[in-house]
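Asks: I'm passing along protein-v2.txt; it holds compact mmCIF, N, CA, C and O atoms.
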```txt
# COMPACT_ATOMS: atom_id res chain seq x y z
N MET A 10 0.58 -153.43 -139.13
CA MET A 10 -0.53 -153.85 -138.30
C MET A 10 0.02 -154.32 -136.95
O MET A 10 0.97 -155.08 -136.90
N SER A 11 -0.58 -153.87 -135.88
CA SER A 11 -0.13 -154.22 -134.54
C SER A 11 -0.59 -155.62 -134.16
O SER A 11 -1.70 -156.02 -134.46
N LYS A 12 0.27 -156.36 -133.49
CA LYS A 12 -0.09 -157.71 -133.06
C LYS A 12 -0.27 -157.77 -131.55
O LYS A 12 -0.19 -158.82 -130.95
N ASP A 13 -0.50 -156.62 -130.90
CA ASP A 13 -0.76 -156.61 -129.47
C ASP A 13 -2.09 -157.27 -129.20
O ASP A 13 -3.11 -156.88 -129.75
N LEU A 14 -2.07 -158.27 -128.33
CA LEU A 14 -3.29 -158.99 -128.02
C LEU A 14 -3.77 -158.61 -126.62
O LEU A 14 -2.98 -158.39 -125.72
N ALA A 15 -5.06 -158.58 -126.46
CA ALA A 15 -5.66 -158.18 -125.19
C ALA A 15 -5.68 -159.35 -124.22
O ALA A 15 -5.73 -160.50 -124.60
N LYS A 16 -5.66 -158.99 -122.93
CA LYS A 16 -5.82 -159.98 -121.88
C LYS A 16 -7.32 -160.24 -121.73
O LYS A 16 -8.11 -159.31 -121.65
N VAL A 17 -7.71 -161.51 -121.72
CA VAL A 17 -9.12 -161.87 -121.62
C VAL A 17 -9.36 -162.48 -120.25
O VAL A 17 -8.66 -163.39 -119.83
N ILE A 18 -10.37 -161.96 -119.53
CA ILE A 18 -10.69 -162.43 -118.19
C ILE A 18 -12.12 -162.94 -118.20
O ILE A 18 -13.02 -162.27 -118.69
N LEU A 19 -12.33 -164.12 -117.64
CA LEU A 19 -13.66 -164.71 -117.59
C LEU A 19 -14.25 -164.55 -116.19
O LEU A 19 -13.60 -164.83 -115.19
N TRP A 20 -15.49 -164.10 -116.14
CA TRP A 20 -16.21 -163.90 -114.88
C TRP A 20 -17.53 -164.61 -114.93
O TRP A 20 -18.21 -164.62 -115.95
N GLU A 21 -17.96 -165.18 -113.78
CA GLU A 21 -19.29 -165.79 -113.70
C GLU A 21 -20.30 -164.67 -113.52
O GLU A 21 -20.15 -163.83 -112.66
N GLU A 22 -21.33 -164.67 -114.34
CA GLU A 22 -22.26 -163.54 -114.42
C GLU A 22 -22.98 -163.23 -113.12
O GLU A 22 -22.96 -162.11 -112.65
N ASN A 23 -23.63 -164.18 -112.51
CA ASN A 23 -24.46 -163.90 -111.35
C ASN A 23 -23.67 -163.54 -110.10
O ASN A 23 -23.97 -162.58 -109.42
N GLN A 24 -22.66 -164.32 -109.79
CA GLN A 24 -21.90 -164.08 -108.57
C GLN A 24 -20.68 -163.19 -108.79
O GLN A 24 -20.03 -162.80 -107.84
N LYS A 25 -20.36 -162.89 -110.02
CA LYS A 25 -19.16 -162.11 -110.37
C LYS A 25 -17.89 -162.80 -109.87
O LYS A 25 -16.93 -162.16 -109.48
N ASP A 26 -17.90 -164.13 -109.86
CA ASP A 26 -16.72 -164.88 -109.44
C ASP A 26 -15.71 -164.95 -110.58
O ASP A 26 -16.05 -165.18 -111.73
N PHE A 27 -14.46 -164.77 -110.22
CA PHE A 27 -13.37 -164.88 -111.18
C PHE A 27 -13.15 -166.34 -111.50
O PHE A 27 -12.98 -167.16 -110.62
N LEU A 28 -13.16 -166.69 -112.77
CA LEU A 28 -12.98 -168.09 -113.16
C LEU A 28 -11.58 -168.38 -113.67
O LEU A 28 -10.93 -169.28 -113.21
N LYS A 29 -11.12 -167.62 -114.63
CA LYS A 29 -9.82 -167.91 -115.21
C LYS A 29 -9.35 -166.72 -116.03
O LYS A 29 -10.15 -166.00 -116.59
N LYS A 30 -8.05 -166.52 -116.08
CA LYS A 30 -7.49 -165.44 -116.87
C LYS A 30 -6.67 -166.07 -118.01
O LYS A 30 -5.87 -166.96 -117.78
N PHE A 31 -6.92 -165.60 -119.20
CA PHE A 31 -6.19 -166.09 -120.37
C PHE A 31 -5.37 -164.95 -120.97
O PHE A 31 -5.75 -163.79 -120.88
N TYR A 32 -4.30 -165.29 -121.60
CA TYR A 32 -3.50 -164.30 -122.32
C TYR A 32 -3.40 -164.73 -123.78
O TYR A 32 -3.30 -165.92 -124.09
N ASP A 33 -3.42 -163.75 -124.66
CA ASP A 33 -3.17 -163.98 -126.08
C ASP A 33 -4.13 -164.98 -126.73
O ASP A 33 -3.72 -165.87 -127.45
N LEU A 34 -5.42 -164.83 -126.46
CA LEU A 34 -6.39 -165.67 -127.15
C LEU A 34 -6.47 -165.25 -128.61
O LEU A 34 -6.37 -164.08 -128.93
N GLN A 35 -6.68 -166.21 -129.48
CA GLN A 35 -6.79 -165.89 -130.90
C GLN A 35 -8.15 -165.31 -131.24
O GLN A 35 -8.30 -164.61 -132.22
N PHE A 36 -9.15 -165.61 -130.43
CA PHE A 36 -10.49 -165.07 -130.68
C PHE A 36 -11.18 -164.85 -129.34
O PHE A 36 -10.82 -165.45 -128.34
N VAL A 37 -12.17 -164.00 -129.35
CA VAL A 37 -12.98 -163.74 -128.16
C VAL A 37 -14.36 -164.33 -128.42
O VAL A 37 -14.94 -164.11 -129.47
N PRO A 38 -14.90 -165.10 -127.47
CA PRO A 38 -16.23 -165.66 -127.70
C PRO A 38 -17.29 -164.57 -127.82
O PRO A 38 -17.17 -163.51 -127.22
N ARG A 39 -18.31 -164.83 -128.61
CA ARG A 39 -19.38 -163.86 -128.84
C ARG A 39 -20.52 -164.07 -127.84
O ARG A 39 -20.65 -165.15 -127.26
N ILE A 40 -21.34 -163.06 -127.67
CA ILE A 40 -22.50 -163.16 -126.79
C ILE A 40 -23.41 -164.27 -127.30
O ILE A 40 -23.71 -164.35 -128.48
N GLY A 41 -23.84 -165.14 -126.39
CA GLY A 41 -24.69 -166.26 -126.74
C GLY A 41 -23.93 -167.53 -127.09
O GLY A 41 -24.50 -168.61 -127.14
N GLU A 42 -22.63 -167.41 -127.31
CA GLU A 42 -21.83 -168.58 -127.66
C GLU A 42 -21.60 -169.45 -126.43
O GLU A 42 -21.51 -168.96 -125.32
N GLU A 43 -21.51 -170.76 -126.65
CA GLU A 43 -21.24 -171.69 -125.57
C GLU A 43 -19.76 -172.03 -125.55
O GLU A 43 -19.15 -172.24 -126.59
N ILE A 44 -19.19 -172.08 -124.33
CA ILE A 44 -17.79 -172.46 -124.17
C ILE A 44 -17.70 -173.56 -123.13
O ILE A 44 -18.58 -173.71 -122.28
N TYR A 45 -16.65 -174.35 -123.19
CA TYR A 45 -16.44 -175.45 -122.26
C TYR A 45 -15.29 -175.08 -121.35
O TYR A 45 -14.18 -174.81 -121.82
N LEU A 46 -15.55 -175.01 -120.05
CA LEU A 46 -14.55 -174.57 -119.09
C LEU A 46 -14.77 -175.30 -117.77
O LEU A 46 -15.92 -175.40 -117.30
N LYS A 47 -13.71 -175.80 -117.19
CA LYS A 47 -13.77 -176.52 -115.90
C LYS A 47 -14.79 -177.66 -115.93
O LYS A 47 -15.59 -177.83 -115.03
N LYS A 48 -14.77 -178.41 -117.02
CA LYS A 48 -15.63 -179.58 -117.21
C LYS A 48 -17.12 -179.25 -117.21
O LYS A 48 -17.95 -180.10 -116.92
N GLU A 49 -17.47 -178.01 -117.52
CA GLU A 49 -18.87 -177.61 -117.59
C GLU A 49 -19.09 -176.70 -118.79
O GLU A 49 -18.16 -176.07 -119.27
N LYS A 50 -20.34 -176.64 -119.26
CA LYS A 50 -20.68 -175.75 -120.37
C LYS A 50 -21.16 -174.42 -119.83
O LYS A 50 -21.94 -174.36 -118.88
N TRP A 51 -20.69 -173.34 -120.46
CA TRP A 51 -21.05 -171.97 -120.07
C TRP A 51 -21.56 -171.24 -121.29
O TRP A 51 -21.17 -171.52 -122.42
N ARG A 52 -22.42 -170.23 -121.08
CA ARG A 52 -22.92 -169.38 -122.16
C ARG A 52 -22.45 -167.96 -121.89
O ARG A 52 -22.56 -167.44 -120.78
N VAL A 53 -21.92 -167.31 -122.92
CA VAL A 53 -21.44 -165.94 -122.81
C VAL A 53 -22.64 -164.99 -122.75
O VAL A 53 -23.52 -165.05 -123.61
N THR A 54 -22.69 -164.13 -121.71
CA THR A 54 -23.82 -163.22 -121.55
C THR A 54 -23.46 -161.77 -121.85
O THR A 54 -24.32 -160.98 -122.20
N ARG A 55 -22.18 -161.42 -121.71
CA ARG A 55 -21.78 -160.03 -121.93
C ARG A 55 -20.28 -159.98 -122.19
O ARG A 55 -19.52 -160.77 -121.64
N VAL A 56 -19.86 -159.06 -123.04
CA VAL A 56 -18.44 -158.86 -123.34
C VAL A 56 -18.14 -157.37 -123.25
O VAL A 56 -18.83 -156.56 -123.86
N GLU A 57 -17.13 -157.01 -122.45
CA GLU A 57 -16.73 -155.62 -122.31
C GLU A 57 -15.25 -155.49 -122.65
O GLU A 57 -14.43 -156.26 -122.17
N HIS A 58 -14.91 -154.49 -123.45
CA HIS A 58 -13.52 -154.25 -123.83
C HIS A 58 -13.05 -152.95 -123.20
O HIS A 58 -13.59 -151.89 -123.50
N ASP A 59 -12.08 -153.03 -122.31
CA ASP A 59 -11.50 -151.86 -121.67
C ASP A 59 -10.27 -151.44 -122.47
O ASP A 59 -9.21 -152.06 -122.38
N LEU A 60 -10.42 -150.41 -123.26
CA LEU A 60 -9.35 -149.98 -124.15
C LEU A 60 -8.14 -149.41 -123.42
O LEU A 60 -7.02 -149.51 -123.90
N GLU A 61 -8.37 -148.80 -122.26
CA GLU A 61 -7.27 -148.17 -121.52
C GLU A 61 -6.21 -149.17 -121.09
O GLU A 61 -5.02 -148.88 -121.13
N VAL A 62 -6.63 -150.34 -120.64
CA VAL A 62 -5.68 -151.34 -120.18
C VAL A 62 -5.62 -152.56 -121.11
O VAL A 62 -4.92 -153.52 -120.82
N ASN A 63 -6.34 -152.49 -122.21
CA ASN A 63 -6.37 -153.55 -123.22
C ASN A 63 -6.77 -154.89 -122.61
O ASN A 63 -6.09 -155.90 -122.77
N GLU A 64 -7.89 -154.87 -121.88
CA GLU A 64 -8.46 -156.08 -121.31
C GLU A 64 -9.86 -156.30 -121.86
O GLU A 64 -10.58 -155.35 -122.13
N ILE A 65 -10.21 -157.55 -122.00
CA ILE A 65 -11.57 -157.92 -122.40
C ILE A 65 -12.16 -158.76 -121.28
O ILE A 65 -11.62 -159.79 -120.91
N ASN A 66 -13.26 -158.28 -120.71
CA ASN A 66 -13.97 -159.01 -119.67
C ASN A 66 -15.13 -159.76 -120.31
O ASN A 66 -15.99 -159.15 -120.93
N VAL A 67 -15.13 -161.07 -120.14
CA VAL A 67 -16.18 -161.92 -120.69
C VAL A 67 -16.99 -162.47 -119.53
O VAL A 67 -16.45 -163.14 -118.66
N TYR A 68 -18.28 -162.15 -119.49
CA TYR A 68 -19.17 -162.62 -118.43
C TYR A 68 -19.93 -163.83 -118.94
O TYR A 68 -20.48 -163.81 -120.04
N ILE A 69 -19.94 -164.91 -118.13
CA ILE A 69 -20.55 -166.16 -118.56
C ILE A 69 -21.47 -166.69 -117.47
O ILE A 69 -21.32 -166.35 -116.30
N GLU A 70 -22.43 -167.50 -117.89
CA GLU A 70 -23.31 -168.18 -116.94
C GLU A 70 -23.29 -169.66 -117.26
O GLU A 70 -23.16 -170.06 -118.41
N ILE A 71 -23.40 -170.46 -116.20
CA ILE A 71 -23.37 -171.90 -116.39
C ILE A 71 -24.67 -172.36 -117.04
O ILE A 71 -25.73 -171.79 -116.77
N ILE A 72 -24.56 -173.33 -117.90
CA ILE A 72 -25.74 -173.91 -118.54
C ILE A 72 -26.17 -175.08 -117.66
O ILE A 72 -25.42 -176.03 -117.46
N LYS A 73 -27.36 -174.98 -117.13
CA LYS A 73 -27.85 -175.99 -116.20
C LYS A 73 -28.09 -177.30 -116.93
O LYS A 73 -28.70 -177.31 -117.99
N LYS A 74 -27.63 -178.39 -116.34
CA LYS A 74 -27.81 -179.70 -116.93
C LYS A 74 -29.21 -180.23 -116.64
O LYS A 74 -29.83 -180.85 -117.46
N VAL A 75 -29.70 -179.98 -115.43
CA VAL A 75 -31.02 -180.46 -115.02
C VAL A 75 -31.99 -179.30 -115.06
O VAL A 75 -31.78 -178.28 -114.42
N LYS A 76 -33.08 -179.44 -115.81
CA LYS A 76 -34.04 -178.36 -115.95
C LYS A 76 -35.03 -178.32 -114.79
O LYS A 76 -35.66 -177.32 -114.55
N HIS A 77 -35.16 -179.41 -114.04
CA HIS A 77 -36.12 -179.49 -112.94
C HIS A 77 -35.42 -179.13 -111.63
O HIS A 77 -35.24 -179.99 -110.76
N GLU A 78 -35.02 -177.89 -111.48
CA GLU A 78 -34.31 -177.45 -110.28
C GLU A 78 -35.23 -177.31 -109.09
O GLU A 78 -34.88 -177.66 -107.98
N LYS A 79 -36.43 -176.75 -109.30
CA LYS A 79 -37.34 -176.45 -108.21
C LYS A 79 -38.25 -177.64 -107.95
O LYS A 79 -39.29 -177.79 -108.57
N ALA A 80 -37.85 -178.48 -107.03
CA ALA A 80 -38.68 -179.64 -106.66
C ALA A 80 -39.45 -179.28 -105.41
O ALA A 80 -38.93 -178.68 -104.47
N SER A 81 -40.71 -179.65 -105.38
CA SER A 81 -41.51 -179.34 -104.20
C SER A 81 -41.21 -180.34 -103.10
O SER A 81 -41.10 -181.54 -103.34
N ASN A 82 -41.01 -179.83 -101.90
CA ASN A 82 -40.68 -180.67 -100.76
C ASN A 82 -41.91 -181.03 -99.94
O ASN A 82 -41.80 -181.54 -98.85
N SER A 83 -43.08 -180.72 -100.41
CA SER A 83 -44.31 -180.98 -99.66
C SER A 83 -44.73 -182.41 -99.78
O SER A 83 -44.71 -182.99 -100.79
```
Could you show the structure in this file as structure tokens?

Replies:
Amino acid sequence: MSKDLAKVILWEENQKDFLKKFYDLQFVPRIGEEIYLKKEKWRVTRVEHDLEVNEINVYIEIIKKVKHEKASNS
């Protein structure tokens, strides 16, 4: 059995900002799973595995702490 591990790259879903690159993770987060990164909670929205270069791209979105984002300024 091969023990080659894929490189996992985390991207912010909406802006496609690069967040962090990990090597040799023991597991890949699943879609809908919450992860803690850079002192904030994120939710996994999409996972893509590129077999040619053995990379896994994990797209995440930040979980908003405040639900009342749209305040009326009138």

Asks: Which one is closest to Phe36 of chain A: A:Glu64, A:Arg55, A:Ile72, A:Leu14? Count only C-alpha atoms.

Replies: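 Under the stated criterion, the closest residue is A:Leu14.
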
Asks: Set the distance at 7 Å and use only N, CA, C and O atoms: which residues neighbour Arg39 of chain A once local chain neighbours fewer than 2 positions away are removed? I'd like the list as a compact mmCIF listing (two decimals) with N, CA, C and O atoms, keeping the file's coordinate frame.

Replies:
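Output file part-v2.txt follows:
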```
# COMPACT_ATOMS: atom_id res chain seq x y z
N VAL A 37 -12.17 -164.00 -129.35
CA VAL A 37 -12.98 -163.74 -128.16
C VAL A 37 -14.36 -164.33 -128.42
O VAL A 37 -14.94 -164.11 -129.47
N GLY A 41 -23.84 -165.14 -126.39
CA GLY A 41 -24.69 -166.26 -126.74
C GLY A 41 -23.93 -167.53 -127.09
O GLY A 41 -24.50 -168.61 -127.14
N GLU A 42 -22.63 -167.41 -127.31
CA GLU A 42 -21.83 -168.58 -127.66
C GLU A 42 -21.60 -169.45 -126.43
O GLU A 42 -21.51 -168.96 -125.32
N GLU A 43 -21.51 -170.76 -126.65
CA GLU A 43 -21.24 -171.69 -125.57
C GLU A 43 -19.76 -172.03 -125.55
O GLU A 43 -19.15 -172.24 -126.59
N ARG A 52 -22.42 -170.23 -121.08
CA ARG A 52 -22.92 -169.38 -122.16
C ARG A 52 -22.45 -167.96 -121.89
O ARG A 52 -22.56 -167.44 -120.78
N VAL A 53 -21.92 -167.31 -122.92
CA VAL A 53 -21.44 -165.94 -122.81
C VAL A 53 -22.64 -164.99 -122.75
O VAL A 53 -23.52 -165.05 -123.61
N THR A 54 -22.69 -164.13 -121.71
CA THR A 54 -23.82 -163.22 -121.55
C THR A 54 -23.46 -161.77 -121.85
O THR A 54 -24.32 -160.98 -122.20
N ARG A 55 -22.18 -161.42 -121.71
CA ARG A 55 -21.78 -160.03 -121.93
C ARG A 55 -20.28 -159.98 -122.19
O ARG A 55 -19.52 -160.77 -121.64
N VAL A 56 -19.86 -159.06 -123.04
CA VAL A 56 -18.44 -158.86 -123.34
C VAL A 56 -18.14 -157.37 -123.25
O VAL A 56 -18.83 -156.56 -123.86
```

Asks: Under the rule that all atoms listed in the file are counted, which of A:Ala15, A:Leu60, A:Ile71, A:Ile65 is the nearest residue to Gln35 of chain A?

Replies: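 Once distances to Gln35 of chain A are computed over all atoms listed in the file, the minimum belongs to A:Ala15.
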
Asks: Using all atoms listed in the file, can you tell me which of A:Lys50, A:Ile44, A:Lys16, A:Glu22 comes closest to Tyr68 of chain A?

Replies: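 The closest residue to Tyr68 of chain A is A:Glu22.
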
Asks: In Å, rounded to a single decimal, give me how far atom O of Asn66 of chain A is from atom CA of Ile18 of chain A.

Replies: 6.8 Å

Asks: As an exercise, work out the distance from atom N of Lys47 of chain A to atom C of Asn23 of chain A in Å and give it to one decimal place.

Replies: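 Computing it gives 17.3 Å between the two atoms.
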
Asks: Could you please determine the separation between atom N of Glu70 of chain A and atom O of His58 of chain A in Å, to one decimal place?

Replies: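 Computing the Euclidean distance for atom N of Glu70 of chain A and atom O of His58 of chain A yields 18.8 Å.
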
Asks: Select, from A:Val17, A:Tyr45, A:Leu28, A:Lys73, the residue with the minimum atom-to-atom distance to Glu57 of chain A, counting only N, CA, C and O atoms.

Replies: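 That would be A:Val17, the residue with the smallest distance to Glu57 of chain A.
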
Asks: May I ask you to restore all heavy atoms in segment 50-61 of chain A and write the result as a short mmCIF file (atom, residue, chain, number, x, y, z; two decimals), in the coordinates of the input?

Replies:
```cif
data_model
loop_
_atom_site.label_atom_id
_atom_site.label_comp_id
_atom_site.auth_asym_id
_atom_site.auth_seq_id
_atom_site.Cartn_x
_atom_site.Cartn_y
_atom_site.Cartn_z
N LYS A 50 -20.34 -176.64 -119.26
CA LYS A 50 -20.68 -175.75 -120.37
C LYS A 50 -21.16 -174.42 -119.83
O LYS A 50 -21.94 -174.36 -118.88
CB LYS A 50 -21.78 -176.37 -121.23
CG LYS A 50 -21.26 -177.39 -122.21
CD LYS A 50 -22.35 -177.74 -123.19
CE LYS A 50 -21.80 -178.54 -124.33
NZ LYS A 50 -22.81 -178.79 -125.33
N TRP A 51 -20.69 -173.34 -120.46
CA TRP A 51 -21.05 -171.97 -120.07
C TRP A 51 -21.56 -171.24 -121.29
O TRP A 51 -21.17 -171.52 -122.42
CB TRP A 51 -19.82 -171.24 -119.53
CG TRP A 51 -19.19 -171.92 -118.35
CD1 TRP A 51 -18.33 -172.98 -118.36
CD2 TRP A 51 -19.37 -171.58 -116.98
NE1 TRP A 51 -17.97 -173.31 -117.09
CE2 TRP A 51 -18.59 -172.46 -116.22
CE3 TRP A 51 -20.11 -170.60 -116.32
CZ2 TRP A 51 -18.52 -172.40 -114.83
CZ3 TRP A 51 -20.05 -170.54 -114.94
CH2 TRP A 51 -19.27 -171.43 -114.21
N ARG A 52 -22.42 -170.23 -121.08
CA ARG A 52 -22.92 -169.38 -122.16
C ARG A 52 -22.45 -167.96 -121.89
O ARG A 52 -22.56 -167.44 -120.78
CB ARG A 52 -24.44 -169.42 -122.20
CG ARG A 52 -25.01 -168.55 -123.33
CD ARG A 52 -26.51 -168.66 -123.44
NE ARG A 52 -26.93 -170.01 -123.80
CZ ARG A 52 -27.59 -170.86 -123.01
NH1 ARG A 52 -27.93 -170.50 -121.80
NH2 ARG A 52 -27.91 -172.06 -123.42
N VAL A 53 -21.92 -167.31 -122.92
CA VAL A 53 -21.44 -165.94 -122.81
C VAL A 53 -22.64 -164.99 -122.75
O VAL A 53 -23.52 -165.05 -123.61
CB VAL A 53 -20.52 -165.57 -123.99
CG1 VAL A 53 -20.09 -164.12 -123.92
CG2 VAL A 53 -19.31 -166.50 -124.03
N THR A 54 -22.69 -164.13 -121.71
CA THR A 54 -23.82 -163.22 -121.55
C THR A 54 -23.46 -161.77 -121.85
O THR A 54 -24.32 -160.98 -122.20
CB THR A 54 -24.37 -163.29 -120.11
OG1 THR A 54 -23.33 -162.96 -119.20
CG2 THR A 54 -24.93 -164.66 -119.81
N ARG A 55 -22.18 -161.42 -121.71
CA ARG A 55 -21.78 -160.03 -121.93
C ARG A 55 -20.28 -159.98 -122.19
O ARG A 55 -19.52 -160.77 -121.64
CB ARG A 55 -22.11 -159.22 -120.67
CG ARG A 55 -21.89 -157.74 -120.81
CD ARG A 55 -22.37 -157.01 -119.59
NE ARG A 55 -21.67 -157.50 -118.41
CZ ARG A 55 -21.82 -157.03 -117.19
NH1 ARG A 55 -22.69 -156.08 -116.96
NH2 ARG A 55 -21.16 -157.51 -116.17
N VAL A 56 -19.86 -159.06 -123.04
CA VAL A 56 -18.44 -158.86 -123.34
C VAL A 56 -18.14 -157.37 -123.25
O VAL A 56 -18.83 -156.56 -123.86
CB VAL A 56 -18.08 -159.38 -124.76
CG1 VAL A 56 -16.62 -159.11 -125.09
CG2 VAL A 56 -18.40 -160.86 -124.89
N GLU A 57 -17.13 -157.01 -122.45
CA GLU A 57 -16.73 -155.62 -122.31
C GLU A 57 -15.25 -155.49 -122.65
O GLU A 57 -14.43 -156.26 -122.17
CB GLU A 57 -16.94 -155.14 -120.86
CG GLU A 57 -18.37 -155.18 -120.40
CD GLU A 57 -18.50 -154.84 -118.93
OE1 GLU A 57 -17.49 -154.81 -118.21
OE2 GLU A 57 -19.64 -154.61 -118.49
N HIS A 58 -14.91 -154.49 -123.45
CA HIS A 58 -13.52 -154.25 -123.83
C HIS A 58 -13.05 -152.95 -123.20
O HIS A 58 -13.59 -151.89 -123.50
CB HIS A 58 -13.39 -154.19 -125.35
CG HIS A 58 -11.97 -154.22 -125.81
ND1 HIS A 58 -11.64 -154.23 -127.14
CD2 HIS A 58 -10.80 -154.25 -125.14
CE1 HIS A 58 -10.31 -154.24 -127.26
NE2 HIS A 58 -9.80 -154.26 -126.05
N ASP A 59 -12.08 -153.03 -122.31
CA ASP A 59 -11.50 -151.86 -121.67
C ASP A 59 -10.27 -151.44 -122.47
O ASP A 59 -9.21 -152.06 -122.38
CB ASP A 59 -11.12 -152.17 -120.21
CG ASP A 59 -10.70 -150.95 -119.44
OD1 ASP A 59 -10.40 -149.91 -120.08
OD2 ASP A 59 -10.67 -151.01 -118.20
N LEU A 60 -10.42 -150.41 -123.26
CA LEU A 60 -9.35 -149.98 -124.15
C LEU A 60 -8.14 -149.41 -123.42
O LEU A 60 -7.02 -149.51 -123.90
CB LEU A 60 -9.88 -148.96 -125.16
CG LEU A 60 -10.95 -149.48 -126.12
CD1 LEU A 60 -11.52 -148.34 -126.95
CD2 LEU A 60 -10.39 -150.57 -127.00
N GLU A 61 -8.37 -148.80 -122.26
CA GLU A 61 -7.27 -148.17 -121.52
C GLU A 61 -6.21 -149.17 -121.09
O GLU A 61 -5.02 -148.88 -121.13
CB GLU A 61 -7.81 -147.42 -120.31
CG GLU A 61 -8.60 -146.18 -120.68
CD GLU A 61 -9.08 -145.42 -119.46
OE1 GLU A 61 -8.64 -145.75 -118.33
OE2 GLU A 61 -9.90 -144.50 -119.63
#
```
